[in-house]
Amino acid sequence: MKTMDVKRREMILKGDLMKTIIAICFPLALYQFFNSCYTLLDQIICAQISTTAQNAVSSISQIKNAISAFGAGLAAGGGVLVSRYYGAGDLKHAKAASSNLFFMSILLSALLCLILIPLAVPIMRLCQIAEGSIAIGKGYFRLQLLELAFVALNNVFIGLEKAKGNSKIILKLNLLVLFVKLAFTCLFLFGFNLKDIIYVELSTIIAQLILTVIGLVFMFGNSNIIKLSIKMMLLKKEYVVKILKLSIPIFLGKFVMSMGKVAVNGICGKYWNEITDGLIVGTLGVSNNMSGLITSPTNSFEEGESSVVSQNLGNKNLKRAVRAFTKTLILATIISLLGYVLMRFVFINQLVELFTSADEKSELYKQMVKEIFVWDSLSIPALGINSAVLGLLYGFGKTGLSTVLNLSRIGSRIIFLISIHAINPSLNPTLCAGLSMGISNCVILFLSIVFLVIFLVGLKKKGYQGMYLSDPEPDVSELKFE
């Protein structure tokens, strides 16, 4: 009798491709949407404490995203490798690669905690976060760094399930985590009346710890077709080098993008903290997280697509791997364009209202967020198309190109920000910051299309690892359990 893992593998390798992409990517998109809600929830709740508390949480969020790129990149690159072995039916190497990936994640988590937690305040100052936000947010930030250790482990669990195409379990568990976080946050803040953002983060740590425990049970359980083995966790060069080769460019892409945003925040803070009462950095974070309600779900298409592409390449089916990209591109484009219209023209006022408190700063904060978001929202259609392109490149192991794309995006943002301010230093801060965001988002859309055309032309002429688009589609390779 076939297990669900085996059935999903057969669907990816020979089933209807549009249905396959929808079945795998939509749960991941919902997972990322709820993850965005998860982040926004902290900001909405903290807005009820004070604008200063909300500004602190928003300012810190970009630093957290930059640091989390380490674990996310490792899990994504390892997932691509495991998916390739799995698509080829090579369970022995899939299990060994998974076990090595998990142990590497444990080492990474320990290093992040030991190095970064003692440096929390210097890191915040380096990123030009206002002193008022540092005073209220330093304990919160230290707890976030601890949380990232659990998140890194959870990313491996999620990455391995993505490699098998098992996206539904990811969605279900994320809903559980969101419920636990909300329940504990309400208990701490409204039940025990503990009006401190530290308790907001403590709720998150509890929720992530529960997911870690569940993930361990799944990964080491007998029902897992690529069950992890403690014996296989001894790091082997064969797997470590391959994982790092795929992971480092993904990590650099994510890290460069997040650190670039931190750099932009720092520049804006240096220019305008004084005249905006220290609110400019926080409003940039809020605008970014609002866009994330759509860009995070569409970005998840690159993860689901890369699993489908890499499994089919493992099965020596180049033609089907490319067709998976075209289906994903259609879906991602439609969703991102629809999301842009809804966010920019229909729900913008309602969303901005969520990020206000009852103090005297709230009206200014609201106005600044809206002015920045008008431009920042251009990232929604741009990143939707970009996600489909990256999914294709990740699946083919061309992870280095993601770094180039993100460097181009953030580089252009910093250049335009400094240039616009130099040309007209008296220009409205939110207009100046917003213009740099809008221009950089158009840059990454243009480059994505250029990279895609170059890659597809090369693929048609030279093929890939002995495979050509003119080859007939092969049968599904059998699973080898030994």
# chains A, B, ... in the order shown; residues from 1 in each chain; ligands from 1
call {"tool": "closest_atom_pairs", "arguments": {"of": "region 61-144 of chain A", "to": "region 244-250 of chain A", "cutoff": "9 Å", "atoms": "only C-alpha atoms", "output": "CSV"}}
result
residue,atom,partner,partner_atom,distance
A:Ala69,CA,A:Ile250,CA,8.4
A:Phe70,CA,A:Ile248,CA,8.6
A:Ala72,CA,A:Ile250,CA,8.4
A:Gly73,CA,A:Ile250,CA,5.1
A:Leu74,CA,A:Ser247,CA,4.9
A:Ala75,CA,A:Ser247,CA,7.4
A:Ala76,CA,A:Ser247,CA,6.5
A:Gly77,CA,A:Ser247,CA,4.0
A:Gly78,CA,A:Ser247,CA,6.6
A:Val80,CA,A:Leu246,CA,7.7
A:Leu81,CA,A:Leu246,CA,7.8
call {"tool": "residues_around", "arguments": {"residues": "region 398-409 of chain A", "least_positions_apart": "6", "cutoff": "10 Å", "atoms": "only C-alpha atoms", "output": "number ranges by chain"}}
result
A: 77, 245-258, 260, 386-387, 389-392, 437, 439-445, 447-448, 451, 455
call {"tool": "write_last_selection", "arguments": {"atoms": "N, CA, C and O atoms", "output": "CSV table (one decimal), in the first residue's frame"}}
result
chain,number,residue,atom,x,y,z
A,77,GLY,N,18.8,25.6,1.1
A,77,GLY,CA,19.8,24.9,0.3
A,77,GLY,C,19.8,23.4,0.6
A,77,GLY,O,19.8,22.6,-0.4
A,245,LYS,N,27.2,24.7,-0.6
A,245,LYS,CA,27.3,25.3,-2.0
A,245,LYS,C,26.0,25.8,-2.4
A,245,LYS,O,25.9,26.8,-3.1
A,246,LEU,N,24.9,25.1,-2.0
A,246,LEU,CA,23.6,25.6,-2.3
A,246,LEU,C,23.1,26.6,-1.4
A,246,LEU,O,22.3,27.6,-1.7
A,247,SER,N,23.4,26.5,-0.1
A,247,SER,CA,22.9,27.3,1.0
A,247,SER,C,23.5,28.7,1.1
A,247,SER,O,22.8,29.7,1.3
A,248,ILE,N,24.8,28.8,0.9
A,248,ILE,CA,25.5,30.1,1.1
A,248,ILE,C,24.9,31.2,0.2
A,248,ILE,O,24.7,32.3,0.6
A,249,PRO,N,24.8,30.9,-1.1
A,249,PRO,CA,24.2,31.9,-2.0
A,249,PRO,C,22.8,32.3,-1.6
A,249,PRO,O,22.4,33.5,-1.7
A,250,ILE,N,21.9,31.3,-1.2
A,250,ILE,CA,20.6,31.6,-0.7
A,250,ILE,C,20.6,32.5,0.5
A,250,ILE,O,19.9,33.5,0.7
A,251,PHE,N,21.5,32.1,1.5
A,251,PHE,CA,21.7,32.9,2.7
A,251,PHE,C,22.1,34.3,2.4
A,251,PHE,O,21.6,35.3,2.9
A,252,LEU,N,23.1,34.4,1.5
A,252,LEU,CA,23.6,35.7,1.1
A,252,LEU,C,22.6,36.6,0.5
A,252,LEU,O,22.5,37.8,0.8
A,253,GLY,N,21.7,36.0,-0.3
A,253,GLY,CA,20.6,36.7,-1.0
A,253,GLY,C,19.7,37.3,0.1
A,253,GLY,O,19.3,38.4,0.1
A,254,LYS,N,19.3,36.4,1.0
A,254,LYS,CA,18.3,36.8,2.1
A,254,LYS,C,19.0,37.8,3.0
A,254,LYS,O,18.4,38.8,3.4
A,255,PHE,N,20.2,37.5,3.4
A,255,PHE,CA,21.0,38.4,4.3
A,255,PHE,C,21.2,39.7,3.7
A,255,PHE,O,21.0,40.8,4.4
A,256,VAL,N,21.7,39.8,2.5
A,256,VAL,CA,22.0,41.0,1.8
A,256,VAL,C,20.7,41.9,1.7
A,256,VAL,O,20.7,43.1,2.0
A,257,MET,N,19.6,41.2,1.4
A,257,MET,CA,18.3,42.0,1.3
A,257,MET,C,17.9,42.5,2.6
A,257,MET,O,17.6,43.7,2.8
A,258,SER,N,18.0,41.7,3.7
A,258,SER,CA,17.5,42.2,5.0
A,258,SER,C,18.5,43.2,5.6
A,258,SER,O,18.1,44.2,6.1
A,260,GLY,N,20.4,45.1,3.9
A,260,GLY,CA,20.2,46.3,3.1
A,260,GLY,C,19.1,47.1,3.6
A,260,GLY,O,19.2,48.3,3.7
A,386,ASN,N,9.4,37.8,-9.5
A,386,ASN,CA,10.7,37.4,-9.1
A,386,ASN,C,10.8,36.1,-8.4
A,386,ASN,O,11.7,35.3,-8.5
A,387,SER,N,9.7,35.8,-7.6
A,387,SER,CA,9.7,34.5,-6.8
A,387,SER,C,9.6,33.3,-7.8
A,387,SER,O,10.2,32.3,-7.5
A,389,VAL,N,10.8,33.2,-10.8
A,389,VAL,CA,12.1,33.1,-11.5
A,389,VAL,C,13.1,32.4,-10.5
A,389,VAL,O,13.9,31.5,-10.9
A,390,LEU,N,13.1,32.8,-9.2
A,390,LEU,CA,14.0,32.3,-8.2
A,390,LEU,C,13.7,30.8,-8.0
A,390,LEU,O,14.6,30.0,-7.8
A,391,GLY,N,12.4,30.4,-8.0
A,391,GLY,CA,12.1,29.0,-7.8
A,391,GLY,C,12.7,28.1,-8.9
A,391,GLY,O,13.2,27.0,-8.6
A,392,LEU,N,12.7,28.6,-10.1
A,392,LEU,CA,13.3,27.9,-11.2
A,392,LEU,C,14.8,27.8,-11.0
A,392,LEU,O,15.4,26.7,-11.2
A,437,MET,N,12.4,53.1,-2.5
A,437,MET,CA,11.9,51.8,-2.5
A,437,MET,C,11.2,51.4,-3.8
A,437,MET,O,11.4,50.3,-4.3
A,439,ILE,N,11.7,52.6,-6.8
A,439,ILE,CA,12.6,52.5,-7.9
A,439,ILE,C,13.3,51.2,-7.8
A,439,ILE,O,13.5,50.5,-8.8
A,440,SER,N,13.8,50.8,-6.6
A,440,SER,CA,14.6,49.5,-6.5
A,440,SER,C,13.7,48.3,-6.8
A,440,SER,O,14.2,47.3,-7.3
A,441,ASN,N,12.4,48.4,-6.5
A,441,ASN,CA,11.5,47.3,-6.8
A,441,ASN,C,11.3,47.1,-8.3
A,441,ASN,O,11.2,46.0,-8.8
A,442,CYS,N,11.3,48.2,-9.0
A,442,CYS,CA,11.2,48.1,-10.5
A,442,CYS,C,12.5,47.6,-11.0
A,442,CYS,O,12.5,46.8,-12.0
A,443,VAL,N,13.7,47.9,-10.4
A,443,VAL,CA,14.9,47.4,-10.8
A,443,VAL,C,15.0,45.8,-10.8
A,443,VAL,O,15.4,45.2,-11.7
A,444,ILE,N,14.5,45.3,-9.6
A,444,ILE,CA,14.6,43.8,-9.5
A,444,ILE,C,13.6,43.1,-10.5
A,444,ILE,O,13.9,42.0,-11.0
A,445,LEU,N,12.5,43.7,-10.8
A,445,LEU,CA,11.6,43.2,-11.8
A,445,LEU,C,12.3,43.1,-13.1
A,445,LEU,O,12.2,42.0,-13.8
A,447,LEU,N,15.6,43.1,-13.8
A,447,LEU,CA,16.7,42.1,-13.8
A,447,LEU,C,16.2,40.7,-13.8
A,447,LEU,O,16.8,39.8,-14.4
A,448,SER,N,15.1,40.4,-13.1
A,448,SER,CA,14.5,39.1,-13.1
A,448,SER,C,14.2,38.6,-14.5
A,448,SER,O,14.5,37.4,-14.9
A,451,PHE,N,17.5,37.9,-16.4
A,451,PHE,CA,18.1,36.7,-16.0
A,451,PHE,C,17.3,35.5,-16.5
A,451,PHE,O,17.9,34.5,-17.0
A,455,PHE,N,18.8,32.6,-19.0
A,455,PHE,CA,18.9,31.2,-18.5
A,455,PHE,C,18.1,30.3,-19.5
A,455,PHE,O,18.7,29.2,-19.8
call {"tool": "closest_residue", "arguments": {"among": "A:Ile335, A:Gly215, A:Ala130, A:Ser477", "to": "Ser296 (chain A)", "atoms": "only C-alpha atoms"}}
result
A:Ile335
call {"tool": "closest_residue", "arguments": {"among": "A:Thr204, A:Leu112, A:Tyr239, A:Leu17", "to": "Val322 (chain A)", "atoms": "only C-alpha atoms"}}
result
A:Leu17
call {"tool": "atom_distance", "arguments": {"atom1": "CA of Thr328 (chain A)", "atom2": "CA of Met11 (chain A)"}}
result
15.8 Å
call {"tool": "residues_around", "arguments": {"residues": "Ile380 (chain A)", "least_positions_apart": "4", "cutoff": "8 Å", "atoms": "only C-alpha atoms", "output": "compact mmCIF listing (two decimals) with all heavy atoms, in the first residue's frame"}}
result
# COMPACT_ATOMS: atom_id res chain seq x y z
N SER A 291 3.39 45.22 3.17
CA SER A 291 3.62 44.61 1.86
C SER A 291 3.82 43.11 1.99
O SER A 291 3.43 42.33 1.12
CB SER A 291 4.86 45.23 1.19
OG SER A 291 4.68 46.59 0.94
N ILE A 294 1.33 40.20 1.28
CA ILE A 294 1.19 39.62 -0.06
C ILE A 294 2.52 39.06 -0.56
O ILE A 294 2.57 37.96 -1.12
CB ILE A 294 0.66 40.65 -1.07
CG1 ILE A 294 -0.65 41.25 -0.58
CG2 ILE A 294 0.46 39.99 -2.44
CD1 ILE A 294 -1.78 40.25 -0.42
N THR A 295 3.63 39.79 -0.36
CA THR A 295 4.91 39.33 -0.90
C THR A 295 5.39 38.04 -0.23
O THR A 295 6.01 37.20 -0.88
CB THR A 295 6.00 40.41 -0.77
OG1 THR A 295 6.16 40.77 0.60
CG2 THR A 295 5.65 41.64 -1.58
N SER A 336 -0.15 38.17 -7.27
CA SER A 336 0.55 39.39 -6.85
C SER A 336 -0.12 40.65 -7.40
O SER A 336 -0.22 41.66 -6.70
CB SER A 336 2.02 39.33 -7.27
OG SER A 336 2.15 39.22 -8.67
N LEU A 337 -0.59 40.61 -8.64
CA LEU A 337 -1.28 41.77 -9.20
C LEU A 337 -2.60 42.04 -8.47
O LEU A 337 -2.94 43.20 -8.16
CB LEU A 337 -1.54 41.57 -10.69
CG LEU A 337 -0.31 41.66 -11.60
CD1 LEU A 337 -0.68 41.30 -13.04
CD2 LEU A 337 0.30 43.06 -11.55
N GLY A 339 -3.26 41.12 -5.39
CA GLY A 339 -2.88 41.57 -4.06
C GLY A 339 -2.48 43.04 -4.04
O GLY A 339 -2.82 43.78 -3.11
N TYR A 340 -1.77 43.46 -5.08
CA TYR A 340 -1.34 44.87 -5.16
C TYR A 340 -2.55 45.80 -5.21
O TYR A 340 -2.61 46.81 -4.49
CB TYR A 340 -0.47 45.07 -6.39
CG TYR A 340 -0.17 46.53 -6.68
CD1 TYR A 340 0.70 47.25 -5.87
CD2 TYR A 340 -0.77 47.18 -7.76
CE1 TYR A 340 0.97 48.59 -6.13
CE2 TYR A 340 -0.51 48.52 -8.03
CZ TYR A 340 0.36 49.22 -7.21
OH TYR A 340 0.61 50.55 -7.47
N GLY A 384 6.47 39.14 -6.83
CA GLY A 384 5.68 37.97 -7.23
C GLY A 384 6.29 37.29 -8.45
O GLY A 384 6.47 36.07 -8.47
call {"tool": "select_by_dssp", "arguments": {"residues": "region 113-320 of chain A", "states": "helix (DSSP H, G or I)", "output": "ChimeraX atom specification"}}
result
/A:113-126,131-163,167-191,197-219,231-233,237-272,280-314,318-320
